[in-house]
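**Q** For reference, the structure I am asking about is given below.
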Amino acid sequence: MAGRLDGKVAVVTGGCSGIGLATVRRFVREGARVVVGDVDAGGGARVAAQTGALFVSVDVTSQEQVEHLFRVAKDAHGRIDVAFNNAGISPPEDDSILETDLAAWRRVQEVNLTSVFLCCKAVLPYLLEQGGGSIINTASFVAVMGAATSQISYTASKGGVVSLSRELGVQFARRGVRVNALCPGPVDTPLLKELFAADEQRAARRLVHVPMGRFAEPEEIAAAALFLASDESSFVTAATFLVDGGISGAYVTPL
Ligand code: NAD
């Protein structure tokens, strides 16, 4: 059976763990040639050995390194069809606005939002030159809902990712480039475990609001990224694409 990404070249940031890693594995299985960009060099070597993806060490907050990542992908494979701009952080020092200092605010904005600006800016010329492509930026369900268990900079950064993606989706729609914000609900990954390790009650409090009563598996988010990357989503752009177990639709959840 033909793969759903046969012939396509995909760049995935944050591809050494969690959602990114599950997506790299899925994209490779579906026939894509994948380039992984991540700060985790050890993880990158493992992912490359396991999947055959090309690994490029990159800090997504650096314009120079981001430009290098996409140039390597283009040089290695001759084209770029998909950019999954997914790297992100959720550190415990980003908390209520009353506790969060300016340094923590800025760090999260840099890694979660400025990085998406840099990745889109770097990849768009390649996609426009080819006449098309799919950009998928990882946001979060917290971009569309407020939480009393706040992480103020994270939430604001993901709101920025949704708005930025929507605007790019509209601007470049007639030039064949689709841009969507993928908004996962809580996913069972190291990022979520780090957040909840310090506070189990916080995790339990979040689960109450998920109609499905569980966190997502990374593979379930990878399946959505696959849809947005493939030509099956050819009429989907500028979307706030929620994959959240029903959280954003719920008022009262089942017991
Ligand atoms: P994760 O911590 O498992 O993986 C994140 C990856 O990003 C790691 O491989 C890490 O090395 C890499 N990374 C971090 N900072 C980087 C930098 N400066 N440059 C390059 N790479 C960097 O996290 P995850 O849960 O898979 O999250 C992936 C994305 O999904 C993030 O944008 C996150 O905000 C978003 N998200 C996660 C959840 C969740 O519940 N896990 C929910 C909604 C959205």
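Just remember, in the structure tokens the first chain shown is A, the second B, etc., residues are 1-based per chain, and ligands are 1-based in the order shown.
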If you count only C-alpha atoms and all ligand atoms, which residues end up within 7 Å of ligand 1, as a PyMOL selection string?

**A** chain A and resi 13-20+37-40+58-61+86-90+111-112+138-141+183-192

**Q** Output the selection as a CSV table (one decimal), in the first residue's frame - C-alpha atoms for each residue.

**A**
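Written output follows (part-v4.csv):
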chain,number,residue,atom,x,y,z
A,13,THR,CA,11.2,20.3,15.3
A,14,GLY,CA,11.2,18.9,18.8
A,15,GLY,CA,11.3,15.5,17.1
A,16,CYS,CA,13.3,13.7,19.8
A,17,SER,CA,10.5,13.3,22.3
A,18,GLY,CA,6.7,13.1,22.8
A,19,ILE,CA,4.5,14.4,20.1
A,20,GLY,CA,7.4,15.2,17.7
A,37,GLY,CA,15.6,19.5,14.4
A,38,ASP,CA,16.1,19.4,18.2
A,39,VAL,CA,18.5,20.7,20.9
A,40,ASP,CA,18.8,17.1,22.2
A,58,VAL,CA,19.1,23.2,16.4
A,59,ASP,CA,18.0,25.6,19.1
A,60,VAL,CA,14.8,26.9,17.6
A,61,THR,CA,15.2,30.3,19.3
A,86,ASN,CA,6.5,21.6,17.2
A,87,ALA,CA,9.3,22.3,19.7
A,88,GLY,CA,8.0,23.8,22.9
A,89,ILE,CA,8.6,24.0,26.6
A,90,SER,CA,6.4,24.2,29.7
A,111,VAL,CA,10.9,28.9,22.6
A,112,ASN,CA,7.2,28.5,22.0
A,138,THR,CA,1.9,23.2,17.4
A,139,ALA,CA,-0.3,25.3,19.7
A,140,SER,CA,-2.5,23.9,22.5
A,141,PHE,CA,-6.1,23.8,23.6
A,183,CYS,CA,-4.1,22.3,19.2
A,184,PRO,CA,-3.6,19.1,21.3
A,185,GLY,CA,-5.4,18.6,24.6
A,186,PRO,CA,-3.2,17.2,27.4
A,187,VAL,CA,-0.9,14.5,26.0
A,188,ASP,CA,1.0,11.9,28.0
A,189,THR,CA,4.5,13.1,27.2
A,190,PRO,CA,7.6,14.1,29.2
A,191,LEU,CA,6.5,17.8,29.0
A,192,LEU,CA,3.2,17.0,30.8

**Q** Looking only at the backbone, which of the residues in segment 62-242 of chain A does DSSP tag as strand (DSSP E or B), as a count of residues only?

**A** 23

**Q** Restricting the calculation to only C-alpha atoms: of A:Ala197, A:Val28, A:Val170, A:Ala147, which residue gets closest to Ala222 of chain A?

**A**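 Result for the nearest residue to Ala222 of chain A: A:Val28.
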
**Q** So which residues touch segment 93-101 of chain A within 7 Å, counting only C-alpha atoms, skipping near sequence neighbours fewer than 3 positions away, as a PDB file with C-alpha atoms, in the first residue's frame?

**A**
ATOM      1  CA  ALA A 104      10.502  32.981  32.757  1.00  0.00           C
ATOM      2  CA  TRP A 105       7.894  34.818  30.650  1.00  0.00           C
ATOM      3  CA  SER A 150      -2.437  29.077  34.961  1.00  0.00           C
ATOM      4  CA  GLN A 151       0.831  29.031  33.057  1.00  0.00           C
ATOM      5  CA  ILE A 152       0.557  32.551  31.858  1.00  0.00           C
ATOM      6  CA  SER A 153       3.387  32.758  29.334  1.00  0.00           C
TER       7      SER A 153
END

**Q** Please indicate the distance in Å from atom CA of Val236 of chain A to atom CA of Phe172 of chain A, rounded to one decimal place.

**A** 12.7 Å

**Q** Per residue of segment 177-200 of chain A within 10 Å of segment 76-84 of chain A, which atom pair is closest and at what distance in Å (one decimal), using only C-alpha atoms, listed by chain and increasing number, as JSON lines?

**A**
{"residue": "A:Val177", "atom": "CA", "partner": "A:Asp81", "partner_atom": "CA", "distance": 9.4}
{"residue": "A:Arg178", "atom": "CA", "partner": "A:Val82", "partner_atom": "CA", "distance": 9.6}
{"residue": "A:Val179", "atom": "CA", "partner": "A:Ala83", "partner_atom": "CA", "distance": 9.4}
{"residue": "A:Asn180", "atom": "CA", "partner": "A:Phe84", "partner_atom": "CA", "distance": 9.9}
{"residue": "A:Ala181", "atom": "CA", "partner": "A:Phe84", "partner_atom": "CA", "distance": 9.9}
{"residue": "A:Leu182", "atom": "CA", "partner": "A:Phe84", "partner_atom": "CA", "distance": 9.6}

**Q** Just to be explicit: take each residue in the selection above, keep N, CA, C and O atoms, and write the result as a PDB file, in the first residue's frame.

**A**
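And here's again_10.pdb as it stands now:
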ATOM      1  N   VAL A 177       0.247  27.337  -0.218  1.00  0.00           N
ATOM      2  CA  VAL A 177       0.806  26.980   1.099  1.00  0.00           C
ATOM      3  C   VAL A 177      -0.321  26.981   2.134  1.00  0.00           C
ATOM      4  O   VAL A 177      -1.010  27.984   2.302  1.00  0.00           O
ATOM      5  N   ARG A 178      -0.482  25.867   2.801  1.00  0.00           N
ATOM      6  CA  ARG A 178      -1.477  25.759   3.869  1.00  0.00           C
ATOM      7  C   ARG A 178      -0.771  25.888   5.221  1.00  0.00           C
ATOM      8  O   ARG A 178       0.332  25.361   5.393  1.00  0.00           O
ATOM      9  N   VAL A 179      -1.387  26.627   6.128  1.00  0.00           N
ATOM     10  CA  VAL A 179      -0.795  26.816   7.463  1.00  0.00           C
ATOM     11  C   VAL A 179      -1.890  26.586   8.499  1.00  0.00           C
ATOM     12  O   VAL A 179      -2.927  27.256   8.473  1.00  0.00           O
ATOM     13  N   ASN A 180      -1.658  25.634   9.384  1.00  0.00           N
ATOM     14  CA  ASN A 180      -2.656  25.315  10.405  1.00  0.00           C
ATOM     15  C   ASN A 180      -2.016  25.246  11.788  1.00  0.00           C
ATOM     16  O   ASN A 180      -0.836  24.893  11.922  1.00  0.00           O
ATOM     17  N   ALA A 181      -2.816  25.560  12.802  1.00  0.00           N
ATOM     18  CA  ALA A 181      -2.370  25.427  14.197  1.00  0.00           C
ATOM     19  C   ALA A 181      -2.981  24.146  14.755  1.00  0.00           C
ATOM     20  O   ALA A 181      -4.206  24.009  14.830  1.00  0.00           O
ATOM     21  N   LEU A 182      -2.125  23.211  15.104  1.00  0.00           N
ATOM     22  CA  LEU A 182      -2.579  21.956  15.711  1.00  0.00           C
ATOM     23  C   LEU A 182      -2.654  22.174  17.224  1.00  0.00           C
ATOM     24  O   LEU A 182      -1.657  22.543  17.850  1.00  0.00           O
TER      25      LEU A 182
END

**Q** Between A:Met212, A:Leu255, A:Ala223, A:Ala203, which has the minimum distance to Thr23 of chain A (counting only C-alpha atoms)?

**A**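 Ranking A:Met212, A:Leu255, A:Ala223, A:Ala203 by distance to Thr23 of chain A, first place goes to A:Ala223.
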